[in-house]
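**Student:** Before we start, here is the structure in question, set down as structure tokens.
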Amino acid sequence: MSGIPSGWEVVIGLETHAQLSTASKIFSGSPTKYGAAPNTQASVVDLALPGTLPVLNKGAVECAIKFGLAVDAKIAPRSIFARKNYFYPDLPKGYQISQFELPVVVGGQVKITVGGVEKIVQLTRAHLEEDAGKSLHEGLETSGVSGIDLNRAGTPLLEIVTEPCMASAEEAVAYAKALHGIVTWIGICDGNMQEGSFRCDANVSVRRAGEQKLGTRAEIKNVNSFRFLEKAIQYEVRRQIEVIEDGGKVVQQTRLYDSDRDETRSMRSKEDAMDYRYFPDPDLLPVEISEPWIQDVRDNMSINFGGGSVLNIPSEMAKSLTANGRVSTEDARALTLDKGIFQYFQGVTLHGPKRDFANVELDRAVLKLCATFVIGEFNKKRNEPGTGFGQHFVDATATGRLLELVWDRTISLKTAKDMFSKLWDESRTTARKSLHDRDDIDKMIKDGNLQQVSDTGAIEKMVDDVIAANQKSVEEYKAGKEKALNALFGQVMKASNKTANPAQVTEILKRKLSS
């Protein structure tokens with residue numbers, strides 16, 4: 001709970017809107033493709049023209065069932081749609097079709113880890129609803145009008161609501177990342193936050209330490225970045241504490257986060273459920289979800305992995321990785337943060353150093369090398385500016401070959417990292433993807449003379465030359481300054497063009513300096 005003043009507690013609940021990956025909208029056959037020209041994907045149903053009736057998209061219900069299974073929630077055998085009444089220009093009907101009293105998904109939990117401590121975030125519900133349209137202001141300021149784009153109206157959403165059980169911005173971000181990993185893993189949402197496919201509303205309140213009653217909350221709307229979510233909550237916590245300490249009272253309201261100013265600002269007073277005047281939608285029958293339907297969805301989500309049939313979800317894949325003790329809990333957690341990392345890791349291990357299943361220690365070392373490289377180098381490059389959402393530019397077969405060569409000491413780990421970075425950047429800048437194979441790696445090593453030097457005689461000569469040319473560092477090392485050894489090590493690696501075996505260099509240096 002870093003950044004929270006002593007004597008205060010923070011209480012956070014998140015409401016997350018995941019746009020479902022269906023081909024059409026939740027109550028019409030209109031497409032949901034992002035980026036179409038304004039108002040070209042809005043049918044008469046989406047526009048709420050008189051005489052039109054909604055027809056429920058079965059695929060949206062199956063997405064909700066998948067999510068419920070993934071978070072170990074109860075799937076309601078009967079749920080209903082309600083009308084949520086409010087009036088905005090981008091809401092053609094004057095109400096939003098949502099769920100209130102009887103949602104599809106009830107309860108559930110998501111595990112997070114913050115600072116090495118595991119915590120379970122309890123879910124209240126997950127319900128289906130339609131999205132509203134979008135008000136457009138940019139470029140229209142001088143005309144004194146706003147535009148309305150109804151392409152998004154009717155897009156299927158799953159709103160996932162937590163209990164008010166998180167106690168810091170760090171916990172909220174950890175939960176949001178874990179939830180993002182789940183919905184993208186099971187394929188119900190593409191997770192593209194820049195396009196608004198995954199966005200969070202944060203309910204934030206503060207109270208004096210030890211108090212049981214919840215403080216008055218403010219809701220921060222539509223945050224579509226993990227970094228902005230953390231900063232918005234941190235600002236709001238500071239703001240509320242300052243208001244109370246100055247003798248004021250926190251007002252229940254909806255606020256927006258301004259990333260340019262790093263502050264939240266008031267948008268409107270916060271409505272309660274009664275303000276929306278919910279009532280069952282008379283145009284939609286109750287949704288009946290049978291056990292055979294749930295079982296069919298479960299079967300389609302299950303795979304044979306680790307010697308048995310399990311749900312293909314992050315938590316089960318992490319369990320399978322750690323079941324035989326060959327992958328650490330920490331690495332398994334990092335490798336299952338999202339499906340892209342996990343699938344890449346699988347490809348690397350398939351094409352990387354040969355595994356020895358009979359030798360547990362040796363196999364563990366192979367998997368550790370692969371896991372560390374994927375978690376570190378692959379993830380770092382994937383998060384760089386210029387890499388699109390979900391993209392990668394070096395095939396797992398090529399990375400596997402790099403690590404195979406590291407394992408047999410043909411190249412150093414440093415060389416492998418440099419090669420991986422170079423291959424990635426080349427492919428990205430030439431708009432080519434995953435074209436590098438094992439032959440490309442071998443040719444690059446040969447052409448660049450990057451083979452690791454493990455010849456003891458050759459390394460000893462380089463060490464002798466470095467010692468002779470750096471007597472000051474030699475004297476400092478013998479006087480007890482360990483850092484001097486690093487300087488000598490760096491000179492040897494430089495002389496070898498970074499191809500000398502690092503372990504041999506260190507061993508030979510220490511032996512010669514102690515003689």
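Labeling convention for the structure tokens: chains A, B, ... as they appear, residues from 1 per chain, ligands from 1 in order of appearance.
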Give me the residues near Leu335 (chain A) as a list in words, where near means some atom within 8 Å (using only C-alpha atoms) and where sequence neighbours in that chain fewer than 2 positions away do not count.
**Tutor:**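 Here the qualifying residues turn out to be Ala318, Asp331, Ala332, Arg333, Leu337, Asp338, Ile341, Phe342, Phe345, Ala371 and Ile375 of chain A.
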**Student:** Limited to all heavy atoms, could you put the picked residues into a file as an mmCIF file, in the first residue's frame?
**Tutor:**
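File part.cif, as written:
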```cif
data_model
loop_
_atom_site.group_PDB
_atom_site.id
_atom_site.type_symbol
_atom_site.label_atom_id
_atom_site.label_comp_id
_atom_site.auth_asym_id
_atom_site.auth_seq_id
_atom_site.Cartn_x
_atom_site.Cartn_y
_atom_site.Cartn_z
ATOM 1 N N ALA A 318 -0.832 -22.619 -15.159
ATOM 2 C CA ALA A 318 0.227 -22.366 -14.175
ATOM 3 C C ALA A 318 0.411 -23.576 -13.271
ATOM 4 O O ALA A 318 1.541 -23.971 -12.951
ATOM 5 C CB ALA A 318 -0.104 -21.120 -13.354
ATOM 6 N N ASP A 331 7.906 -18.080 -11.944
ATOM 7 C CA ASP A 331 8.008 -18.110 -13.405
ATOM 8 C C ASP A 331 6.686 -18.523 -14.041
ATOM 9 O O ASP A 331 6.268 -17.962 -15.062
ATOM 10 C CB ASP A 331 9.117 -19.071 -13.853
ATOM 11 C CG ASP A 331 10.507 -18.493 -13.645
ATOM 12 O OD1 ASP A 331 10.612 -17.282 -13.363
ATOM 13 O OD2 ASP A 331 11.494 -19.247 -13.749
ATOM 14 N N ALA A 332 6.010 -19.509 -13.450
ATOM 15 C CA ALA A 332 4.726 -19.967 -13.995
ATOM 16 C C ALA A 332 3.705 -18.841 -13.987
ATOM 17 O O ALA A 332 2.926 -18.685 -14.938
ATOM 18 C CB ALA A 332 4.215 -21.159 -13.191
ATOM 19 N N ARG A 333 3.716 -18.046 -12.935
ATOM 20 C CA ARG A 333 2.784 -16.922 -12.842
ATOM 21 C C ARG A 333 3.067 -15.915 -13.948
ATOM 22 O O ARG A 333 2.143 -15.416 -14.614
ATOM 23 C CB ARG A 333 2.907 -16.265 -11.472
ATOM 24 C CG ARG A 333 1.844 -15.213 -11.195
ATOM 25 C CD ARG A 333 2.083 -14.556 -9.848
ATOM 26 N NE ARG A 333 2.015 -15.507 -8.758
ATOM 27 C CZ ARG A 333 2.986 -15.741 -7.896
ATOM 28 N NH1 ARG A 333 4.142 -15.100 -8.012
ATOM 29 N NH2 ARG A 333 2.836 -16.611 -6.919
ATOM 30 N N LEU A 337 0.577 -14.835 -17.557
ATOM 31 C CA LEU A 337 -0.091 -13.543 -17.463
ATOM 32 C C LEU A 337 -0.975 -13.306 -18.676
ATOM 33 O O LEU A 337 -2.031 -12.696 -18.582
ATOM 34 C CB LEU A 337 0.928 -12.406 -17.337
ATOM 35 C CG LEU A 337 1.510 -12.174 -15.945
ATOM 36 C CD1 LEU A 337 2.570 -11.096 -15.988
ATOM 37 C CD2 LEU A 337 0.416 -11.799 -14.953
ATOM 38 N N ASP A 338 -0.517 -13.743 -19.836
ATOM 39 C CA ASP A 338 -1.385 -13.714 -21.003
ATOM 40 C C ASP A 338 -1.010 -14.857 -21.936
ATOM 41 O O ASP A 338 0.071 -15.448 -21.849
ATOM 42 C CB ASP A 338 -1.367 -12.355 -21.720
ATOM 43 C CG ASP A 338 -0.074 -12.080 -22.462
ATOM 44 O OD1 ASP A 338 0.283 -12.862 -23.371
ATOM 45 O OD2 ASP A 338 0.570 -11.054 -22.177
ATOM 46 N N ILE A 341 2.361 -14.836 -24.181
ATOM 47 C CA ILE A 341 3.613 -15.218 -23.525
ATOM 48 C C ILE A 341 3.684 -16.733 -23.367
ATOM 49 O O ILE A 341 4.708 -17.356 -23.654
ATOM 50 C CB ILE A 341 3.731 -14.544 -22.144
ATOM 51 C CG1 ILE A 341 3.812 -13.023 -22.287
ATOM 52 C CG2 ILE A 341 4.945 -15.055 -21.381
ATOM 53 C CD1 ILE A 341 3.790 -12.285 -20.971
ATOM 54 N N PHE A 342 2.591 -17.327 -22.930
ATOM 55 C CA PHE A 342 2.567 -18.773 -22.686
ATOM 56 C C PHE A 342 2.804 -19.558 -23.975
ATOM 57 O O PHE A 342 3.605 -20.503 -24.006
ATOM 58 C CB PHE A 342 1.229 -19.164 -22.061
ATOM 59 C CG PHE A 342 1.104 -20.631 -21.756
ATOM 60 C CD1 PHE A 342 1.830 -21.193 -20.720
ATOM 61 C CD2 PHE A 342 0.270 -21.446 -22.503
ATOM 62 C CE1 PHE A 342 1.725 -22.553 -20.434
ATOM 63 C CE2 PHE A 342 0.153 -22.800 -22.226
ATOM 64 C CZ PHE A 342 0.881 -23.349 -21.183
ATOM 65 N N PHE A 345 6.406 -19.265 -25.053
ATOM 66 C CA PHE A 345 7.244 -20.116 -24.205
ATOM 67 C C PHE A 345 7.148 -21.580 -24.648
ATOM 68 O O PHE A 345 8.165 -22.284 -24.738
ATOM 69 C CB PHE A 345 6.815 -19.976 -22.749
ATOM 70 C CG PHE A 345 7.467 -20.961 -21.812
ATOM 71 C CD1 PHE A 345 8.811 -20.858 -21.486
ATOM 72 C CD2 PHE A 345 6.728 -21.996 -21.252
ATOM 73 C CE1 PHE A 345 9.412 -21.760 -20.623
ATOM 74 C CE2 PHE A 345 7.316 -22.911 -20.386
ATOM 75 C CZ PHE A 345 8.660 -22.789 -20.068
ATOM 76 N N ALA A 371 12.409 -19.900 -19.773
ATOM 77 C CA ALA A 371 11.447 -19.037 -19.082
ATOM 78 C C ALA A 371 12.038 -17.649 -18.845
ATOM 79 O O ALA A 371 11.379 -16.626 -19.087
ATOM 80 C CB ALA A 371 11.036 -19.673 -17.763
ATOM 81 N N ILE A 375 10.364 -14.321 -20.399
ATOM 82 C CA ILE A 375 9.822 -13.335 -19.459
ATOM 83 C C ILE A 375 10.577 -12.013 -19.571
ATOM 84 O O ILE A 375 9.980 -10.932 -19.487
ATOM 85 C CB ILE A 375 9.894 -13.871 -18.016
ATOM 86 C CG1 ILE A 375 8.970 -15.082 -17.856
ATOM 87 C CG2 ILE A 375 9.523 -12.791 -17.003
ATOM 88 C CD1 ILE A 375 9.193 -15.850 -16.562
#
```
**Student:** Using only C-alpha atoms, which protein or nucleic acid residues come within 6 Å of region 405-420 of chain A? Drop anything in the same chain fewer than 2 positions from it, and give the result as a ChimeraX atom specification.
**Tutor:** /A:402-403,422-423,451-452
**Student:** Okay, now the selection with N, CA, C and O atoms, as a tab-separated table (two decimals), in the first residue's frame?
**Tutor:**
```
chain	number	residue	atom	x	y	z
A	402	LEU	N	18.41	-19.97	-30.71
A	402	LEU	CA	19.35	-19.13	-29.97
A	402	LEU	C	19.69	-19.75	-28.63
A	402	LEU	O	20.86	-19.84	-28.23
A	403	LEU	N	18.66	-20.19	-27.91
A	403	LEU	CA	18.89	-20.75	-26.58
A	403	LEU	C	19.54	-22.12	-26.64
A	403	LEU	O	20.27	-22.51	-25.72
A	422	LYS	N	18.28	-7.49	-32.28
A	422	LYS	CA	18.56	-7.05	-33.65
A	422	LYS	C	17.56	-7.66	-34.63
A	422	LYS	O	17.04	-6.97	-35.51
A	423	LEU	N	17.28	-8.95	-34.47
A	423	LEU	CA	16.31	-9.61	-35.35
A	423	LEU	C	14.93	-8.97	-35.20
A	423	LEU	O	14.22	-8.75	-36.19
A	451	GLN	N	30.67	-16.91	-32.56
A	451	GLN	CA	30.81	-18.13	-31.76
A	451	GLN	C	31.56	-17.83	-30.47
A	451	GLN	O	32.55	-17.09	-30.47
A	452	GLN	N	31.10	-18.40	-29.38
A	452	GLN	CA	31.73	-18.20	-28.09
A	452	GLN	C	33.08	-18.91	-28.04
A	452	GLN	O	33.21	-20.06	-28.48
```
**Student:** So, counting only C-alpha atoms, which residue among A:Val45, A:Ile65, A:Ile441, A:Leu284 is closest to Arg83 (chain A)?
**Tutor:**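 The closest residue to Arg83 (chain A) is A:Leu284.
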**Student:** Quick one, how far is CA of Arg239 (chain A) from CA of Tyr86 (chain A)?
**Tutor:**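 It comes out at 28.7 Å.
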**Student:** Work out how far apart CA of Ala132 (chain A) and CA of Ala153 (chain A) are and give it in Å to one decimal.
**Tutor:**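 Atom-to-atom, CA of Ala132 (chain A) to CA of Ala153 (chain A), that is 4.4 Å.
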**Student:** Find the distance between CA of Pro5 (chain A) and CA of Gln234 (chain A) and write it in Å to one decimal.
**Tutor:**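 So the two atoms, CA of Pro5 (chain A) and CA of Gln234 (chain A), lie 11.2 Å apart.
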**Student:** Ranking A:Ala487, A:Ala82, A:Leu311, A:Val106 by minimum distance to Asp281 (chain A) and counting only C-alpha atoms, which one comes first?
**Tutor:** A:Ala82
**Student:** Can you check which residues of region 94-192 of chain A DSSP gives as helix (DSSP H, G or I) on the backbone and send them as a JSON list (two decimals) with all heavy atoms, in the first residue's frame?
**Tutor:**
```
[["chain", "number", "residue", "atom", "x", "y", "z"],
["A", 141, "GLU", "N", -14.91, 21.86, -32.46],
["A", 141, "GLU", "CA", -15.00, 22.88, -31.43],
["A", 141, "GLU", "C", -15.47, 24.23, -31.97],
["A", 141, "GLU", "O", -16.30, 24.91, -31.36],
["A", 141, "GLU", "CB", -13.63, 23.06, -30.73],
["A", 141, "GLU", "CG", -13.15, 21.84, -29.97],
["A", 141, "GLU", "CD", -12.34, 20.86, -30.84],
["A", 141, "GLU", "OE1", -12.33, 21.05, -32.08],
["A", 141, "GLU", "OE2", -11.73, 19.94, -30.27],
["A", 142, "THR", "N", -14.96, 24.61, -33.12],
["A", 142, "THR", "CA", -15.28, 25.94, -33.65],
["A", 142, "THR", "C", -16.70, 26.04, -34.17],
["A", 142, "THR", "O", -17.25, 27.14, -34.29],
["A", 142, "THR", "CB", -14.30, 26.30, -34.79],
["A", 142, "THR", "OG1", -14.38, 25.29, -35.81],
["A", 142, "THR", "CG2", -12.87, 26.39, -34.26],
["A", 143, "SER", "N", -17.30, 24.90, -34.47],
["A", 143, "SER", "CA", -18.66, 24.92, -35.03],
["A", 143, "SER", "C", -19.73, 25.01, -33.96],
["A", 143, "SER", "O", -20.91, 25.24, -34.27],
["A", 143, "SER", "CB", -18.90, 23.67, -35.88],
["A", 143, "SER", "OG", -18.82, 22.51, -35.08],
["A", 169, "ALA", "N", -3.68, 1.05, -5.03],
["A", 169, "ALA", "CA", -3.64, 1.15, -6.49],
["A", 169, "ALA", "C", -2.89, -0.03, -7.09],
["A", 169, "ALA", "O", -3.25, -0.53, -8.16],
["A", 169, "ALA", "CB", -2.98, 2.46, -6.90],
["A", 170, "GLU", "N", -1.85, -0.50, -6.37],
["A", 170, "GLU", "CA", -1.07, -1.64, -6.87],
["A", 170, "GLU", "C", -1.93, -2.89, -6.96],
["A", 170, "GLU", "O", -1.83, -3.65, -7.93],
["A", 170, "GLU", "CB", 0.13, -1.90, -5.96],
["A", 170, "GLU", "CG", 1.19, -0.80, -5.98],
["A", 170, "GLU", "CD", 0.89, 0.35, -5.03],
["A", 170, "GLU", "OE1", -0.20, 0.38, -4.43],
["A", 170, "GLU", "OE2", 1.74, 1.25, -4.90],
["A", 171, "GLU", "N", -2.77, -3.12, -5.97],
["A", 171, "GLU", "CA", -3.67, -4.28, -6.01],
["A", 171, "GLU", "C", -4.67, -4.14, -7.14],
["A", 171, "GLU", "O", -4.99, -5.12, -7.83],
["A", 171, "GLU", "CB", -4.40, -4.43, -4.67],
["A", 171, "GLU", "CG", -3.51, -4.93, -3.55],
["A", 171, "GLU", "CD", -4.28, -5.23, -2.27],
["A", 171, "GLU", "OE1", -5.51, -5.10, -2.27],
["A", 171, "GLU", "OE2", -3.63, -5.61, -1.28],
["A", 172, "ALA", "N", -5.20, -2.95, -7.34],
["A", 172, "ALA", "CA", -6.18, -2.73, -8.41],
["A", 172, "ALA", "C", -5.57, -3.00, -9.77],
["A", 172, "ALA", "O", -6.20, -3.63, -10.64],
["A", 172, "ALA", "CB", -6.72, -1.30, -8.34],
["A", 173, "VAL", "N", -4.34, -2.56, -9.98],
["A", 173, "VAL", "CA", -3.67, -2.79, -11.26],
["A", 173, "VAL", "C", -3.36, -4.27, -11.44],
["A", 173, "VAL", "O", -3.53, -4.83, -12.53],
["A", 173, "VAL", "CB", -2.39, -1.94, -11.37],
["A", 173, "VAL", "CG1", -1.58, -2.33, -12.60],
["A", 173, "VAL", "CG2", -2.75, -0.46, -11.43],
["A", 174, "ALA", "N", -2.91, -4.93, -10.38],
["A", 174, "ALA", "CA", -2.63, -6.36, -10.46],
["A", 174, "ALA", "C", -3.90, -7.14, -10.83],
["A", 174, "ALA", "O", -3.86, -8.06, -11.65],
["A", 174, "ALA", "CB", -2.07, -6.87, -9.13],
["A", 175, "TYR", "N", -5.01, -6.75, -10.24],
["A", 175, "TYR", "CA", -6.29, -7.40, -10.57],
["A", 175, "TYR", "C", -6.66, -7.13, -12.03],
["A", 175, "TYR", "O", -7.06, -8.05, -12.76],
["A", 175, "TYR", "CB", -7.40, -6.90, -9.66],
["A", 175, "TYR", "CG", -8.78, -7.16, -10.21],
["A", 175, "TYR", "CD1", -9.33, -8.44, -10.16],
["A", 175, "TYR", "CD2", -9.50, -6.14, -10.83],
["A", 175, "TYR", "CE1", -10.58, -8.69, -10.71],
["A", 175, "TYR", "CE2", -10.75, -6.38, -11.37],
["A", 175, "TYR", "CZ", -11.29, -7.66, -11.31],
["A", 175, "TYR", "OH", -12.52, -7.91, -11.86],
["A", 176, "ALA", "N", -6.56, -5.87, -12.46],
["A", 176, "ALA", "CA", -6.93, -5.53, -13.84],
["A", 176, "ALA", "C", -6.08, -6.31, -14.84],
["A", 176, "ALA", "O", -6.59, -6.78, -15.87],
["A", 176, "ALA", "CB", -6.78, -4.02, -14.06],
["A", 177, "LYS", "N", -4.79, -6.45, -14.55],
["A", 177, "LYS", "CA", -3.92, -7.21, -15.45],
["A", 177, "LYS", "C", -4.30, -8.69, -15.46],
["A", 177, "LYS", "O", -4.31, -9.34, -16.52],
["A", 177, "LYS", "CB", -2.46, -7.05, -15.03],
["A", 177, "LYS", "CG", -1.88, -5.68, -15.34],
["A", 177, "LYS", "CD", -0.41, -5.59, -14.93],
["A", 177, "LYS", "CE", 0.19, -4.25, -15.31],
["A", 177, "LYS", "NZ", 1.63, -4.15, -14.91],
["A", 178, "ALA", "N", -4.60, -9.24, -14.29],
["A", 178, "ALA", "CA", -5.00, -10.64, -14.21],
["A", 178, "ALA", "C", -6.31, -10.87, -14.95],
["A", 178, "ALA", "O", -6.47, -11.86, -15.68],
["A", 178, "ALA", "CB", -5.13, -11.07, -12.75],
["A", 179, "LEU", "N", -7.25, -9.96, -14.78],
["A", 179, "LEU", "CA", -8.54, -10.08, -15.47],
["A", 179, "LEU", "C", -8.36, -9.96, -16.98],
["A", 179, "LEU", "O", -8.97, -10.71, -17.76],
["A", 179, "LEU", "CB", -9.49, -8.99, -14.97],
["A", 179, "LEU", "CG", -10.92, -9.05, -15.50],
["A", 179, "LEU", "CD1", -11.62, -10.31, -15.02],
["A", 179, "LEU", "CD2", -11.71, -7.81, -15.09],
["A", 180, "HIS", "N", -7.51, -9.03, -17.38],
["A", 180, "HIS", "CA", -7.20, -8.86, -18.81],
["A", 180, "HIS", "C", -6.63, -10.16, -19.38],
["A", 180, "HIS", "O", -7.00, -10.59, -20.48],
["A", 180, "HIS", "CB", -6.20, -7.72, -18.98],
["A", 180, "HIS", "CG", -5.86, -7.37, -20.39],
["A", 180, "HIS", "ND1", -4.87, -8.02, -21.10],
["A", 180, "HIS", "CD2", -6.39, -6.45, -21.24],
["A", 180, "HIS", "CE1", -4.78, -7.50, -22.30],
["A", 180, "HIS", "NE2", -5.70, -6.55, -22.41],
["A", 181, "GLY", "N", -5.74, -10.79, -18.61],
["A", 181, "GLY", "CA", -5.17, -12.06, -19.05],
["A", 181, "GLY", "C", -6.22, -13.14, -19.20],
["A", 181, "GLY", "O", -6.17, -13.95, -20.15],
["A", 182, "ILE", "N", -7.19, -13.17, -18.30],
["A", 182, "ILE", "CA", -8.23, -14.21, -18.35],
["A", 182, "ILE", "C", -9.13, -14.04, -19.58],
["A", 182, "ILE", "O", -9.36, -14.98, -20.34],
["A", 182, "ILE", "CB", -9.08, -14.19, -17.06],
["A", 182, "ILE", "CG1", -8.24, -14.66, -15.87],
["A", 182, "ILE", "CG2", -10.31, -15.08, -17.21],
["A", 182, "ILE", "CD1", -8.92, -14.45, -14.53],
["A", 183, "VAL", "N", -9.66, -12.82, -19.79],
["A", 183, "VAL", "CA", -10.63, -12.63, -20.87],
["A", 183, "VAL", "C", -9.98, -12.78, -22.24],
["A", 183, "VAL", "O", -10.64, -13.24, -23.20],
["A", 183, "VAL", "CB", -11.36, -11.28, -20.74],
["A", 183, "VAL", "CG1", -12.16, -11.22, -19.46],
["A", 183, "VAL", "CG2", -10.41, -10.09, -20.85],
["A", 184, "THR", "N", -8.70, -12.40, -22.36],
["A", 184, "THR", "CA", -8.03, -12.60, -23.65],
["A", 184, "THR", "C", -7.65, -14.06, -23.84],
["A", 184, "THR", "O", -7.70, -14.59, -24.95],
["A", 184, "THR", "CB", -6.78, -11.71, -23.76],
["A", 184, "THR", "OG1", -5.91, -11.94, -22.64],
["A", 184, "THR", "CG2", -7.16, -10.25, -23.81],
["A", 185, "TRP", "N", -7.26, -14.74, -22.76],
["A", 185, "TRP", "CA", -6.86, -16.14, -22.82],
["A", 185, "TRP", "C", -8.01, -17.02, -23.31],
["A", 185, "TRP", "O", -7.84, -17.87, -24.18],
["A", 185, "TRP", "CB", -6.41, -16.61, -21.44],
["A", 185, "TRP", "CG", -5.74, -17.95, -21.43],
["A", 185, "TRP", "CD1", -6.30, -19.15, -21.74],
["A", 185, "TRP", "CD2", -4.37, -18.22, -21.11],
["A", 185, "TRP", "NE1", -5.38, -20.16, -21.61],
["A", 185, "TRP", "CE2", -4.18, -19.61, -21.23],
["A", 185, "TRP", "CE3", -3.30, -17.44, -20.71],
["A", 185, "TRP", "CZ2", -2.96, -20.22, -20.98],
["A", 185, "TRP", "CZ3", -2.09, -18.05, -20.46],
["A", 185, "TRP", "CH2", -1.91, -19.42, -20.58]]
```
**Student:** When you count only C-alpha atoms, which of these residues is closest to Lys368 (chain A): A:Ser328, A:Ser496, A:Thr397, A:Thr124?
**Tutor:**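 Of all the options, A:Ser328 lies closest to Lys368 (chain A).
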**Student:** Residues at most 9 Å from region 164-168 of chain A, counting only C-alpha atoms, excluding those fewer than 5 positions away in the same chain, as a VMD selection string?
**Tutor:** chain A and resid 1 to 4 9 to 14 121 to 122 173 175 203 to 204 230 233 to 234
**Student:** Based on DSSP run over this structure's backbone, return all residues of region 32-272 of chain A in strand (DSSP E or B), as a PyMOL selection string.
**Tutor:** chain A and resi 74-75+78-79+82-85+95-98+105-106+109-114+117-130+134-136+147-149+156-162+166+198-208+218-223+253-258+263-269
**Student:** At a cut-off of 12 Å, using only C-alpha atoms, what residues contact region 461-463 of chain A? Leave out same-chain residues fewer than 3 positions from it and give the result as a PyMOL selection string.
**Tutor:** chain A and resi 453+455-458+466-470+474+485+488-497+499-502+504-513
**Student:** Go through A:Gln41, A:Pro280, A:Ser515, A:Gly448 and flag the residue nearest Lys498 (chain A), using only C-alpha atoms for the distances.
**Tutor:**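 Among the listed residues, A:Gly448 lies closest to Lys498 (chain A).
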**Student:** Using only C-alpha atoms, which protein or nucleic acid residues come within 10 Å of Phe87 (chain A)? Drop anything in the same chain fewer than 6 positions from it, and give the result as a ChimeraX atom specification.
**Tutor:** /A:93-96,276
**Student:** Excluding region 67-76 of chain A and any residue of its chain fewer than 6 positions from it, enumerate the residues within 6 Å of it, using only C-alpha atoms, and give them as a list in words.
**Tutor:** Val104, Val105, Val106, Gly107, Gly108 and Gln109 of chain A
**Student:** Got a sec: who's within 8 Å of Ala60 (chain A), counting only C-alpha atoms, leaving out chain neighbours fewer than 4 positions off, as a compact mmCIF listing (two decimals) with all heavy atoms, in the first residue's frame?
**Tutor:**
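Resulting contents of selection_15.txt:
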```
# COMPACT_ATOMS: atom_id res chain seq x y z
N LEU A 20 -17.04 -7.96 -25.99
CA LEU A 20 -17.01 -9.36 -26.37
C LEU A 20 -16.67 -9.54 -27.85
O LEU A 20 -17.09 -8.75 -28.70
CB LEU A 20 -18.35 -10.02 -26.05
CG LEU A 20 -18.75 -9.96 -24.57
CD1 LEU A 20 -20.11 -10.60 -24.34
CD2 LEU A 20 -17.69 -10.64 -23.70
N THR A 22 -17.60 -11.06 -30.43
CA THR A 22 -18.60 -11.65 -31.32
C THR A 22 -18.55 -10.90 -32.65
O THR A 22 -18.15 -9.73 -32.70
CB THR A 22 -20.01 -11.55 -30.72
OG1 THR A 22 -20.28 -10.17 -30.43
CG2 THR A 22 -20.12 -12.37 -29.45
N ILE A 26 -24.99 -7.36 -29.78
CA ILE A 26 -25.69 -8.23 -28.84
C ILE A 26 -27.18 -8.39 -29.16
O ILE A 26 -27.76 -9.44 -28.87
CB ILE A 26 -25.50 -7.72 -27.39
CG1 ILE A 26 -26.03 -8.75 -26.39
CG2 ILE A 26 -26.12 -6.36 -27.18
CD1 ILE A 26 -25.62 -8.50 -24.96
N ALA A 64 -20.21 -15.14 -21.74
CA ALA A 64 -20.43 -14.95 -20.31
C ALA A 64 -20.27 -16.27 -19.55
O ALA A 64 -19.69 -16.31 -18.46
CB ALA A 64 -21.81 -14.36 -20.06
N LEU A 128 -24.25 -9.11 -18.76
CA LEU A 128 -24.25 -8.70 -20.16
C LEU A 128 -24.98 -7.37 -20.31
O LEU A 128 -25.97 -7.11 -19.61
CB LEU A 128 -24.92 -9.76 -21.02
CG LEU A 128 -24.16 -11.08 -21.20
CD1 LEU A 128 -25.07 -12.15 -21.78
CD2 LEU A 128 -22.94 -10.88 -22.09
N PRO A 156 -21.68 -5.77 -27.79
CA PRO A 156 -21.85 -6.57 -26.57
C PRO A 156 -20.74 -6.35 -25.56
O PRO A 156 -19.55 -6.38 -25.90
CB PRO A 156 -21.85 -8.01 -27.08
CG PRO A 156 -21.09 -7.96 -28.36
CD PRO A 156 -21.37 -6.61 -28.96
```
**Student:** With distances taken over only C-alpha atoms, which residue among A:Thr399, A:Asn85, A:Ser98, A:Asn304 lies nearest His351 (chain A)?
**Tutor:** A:Thr399
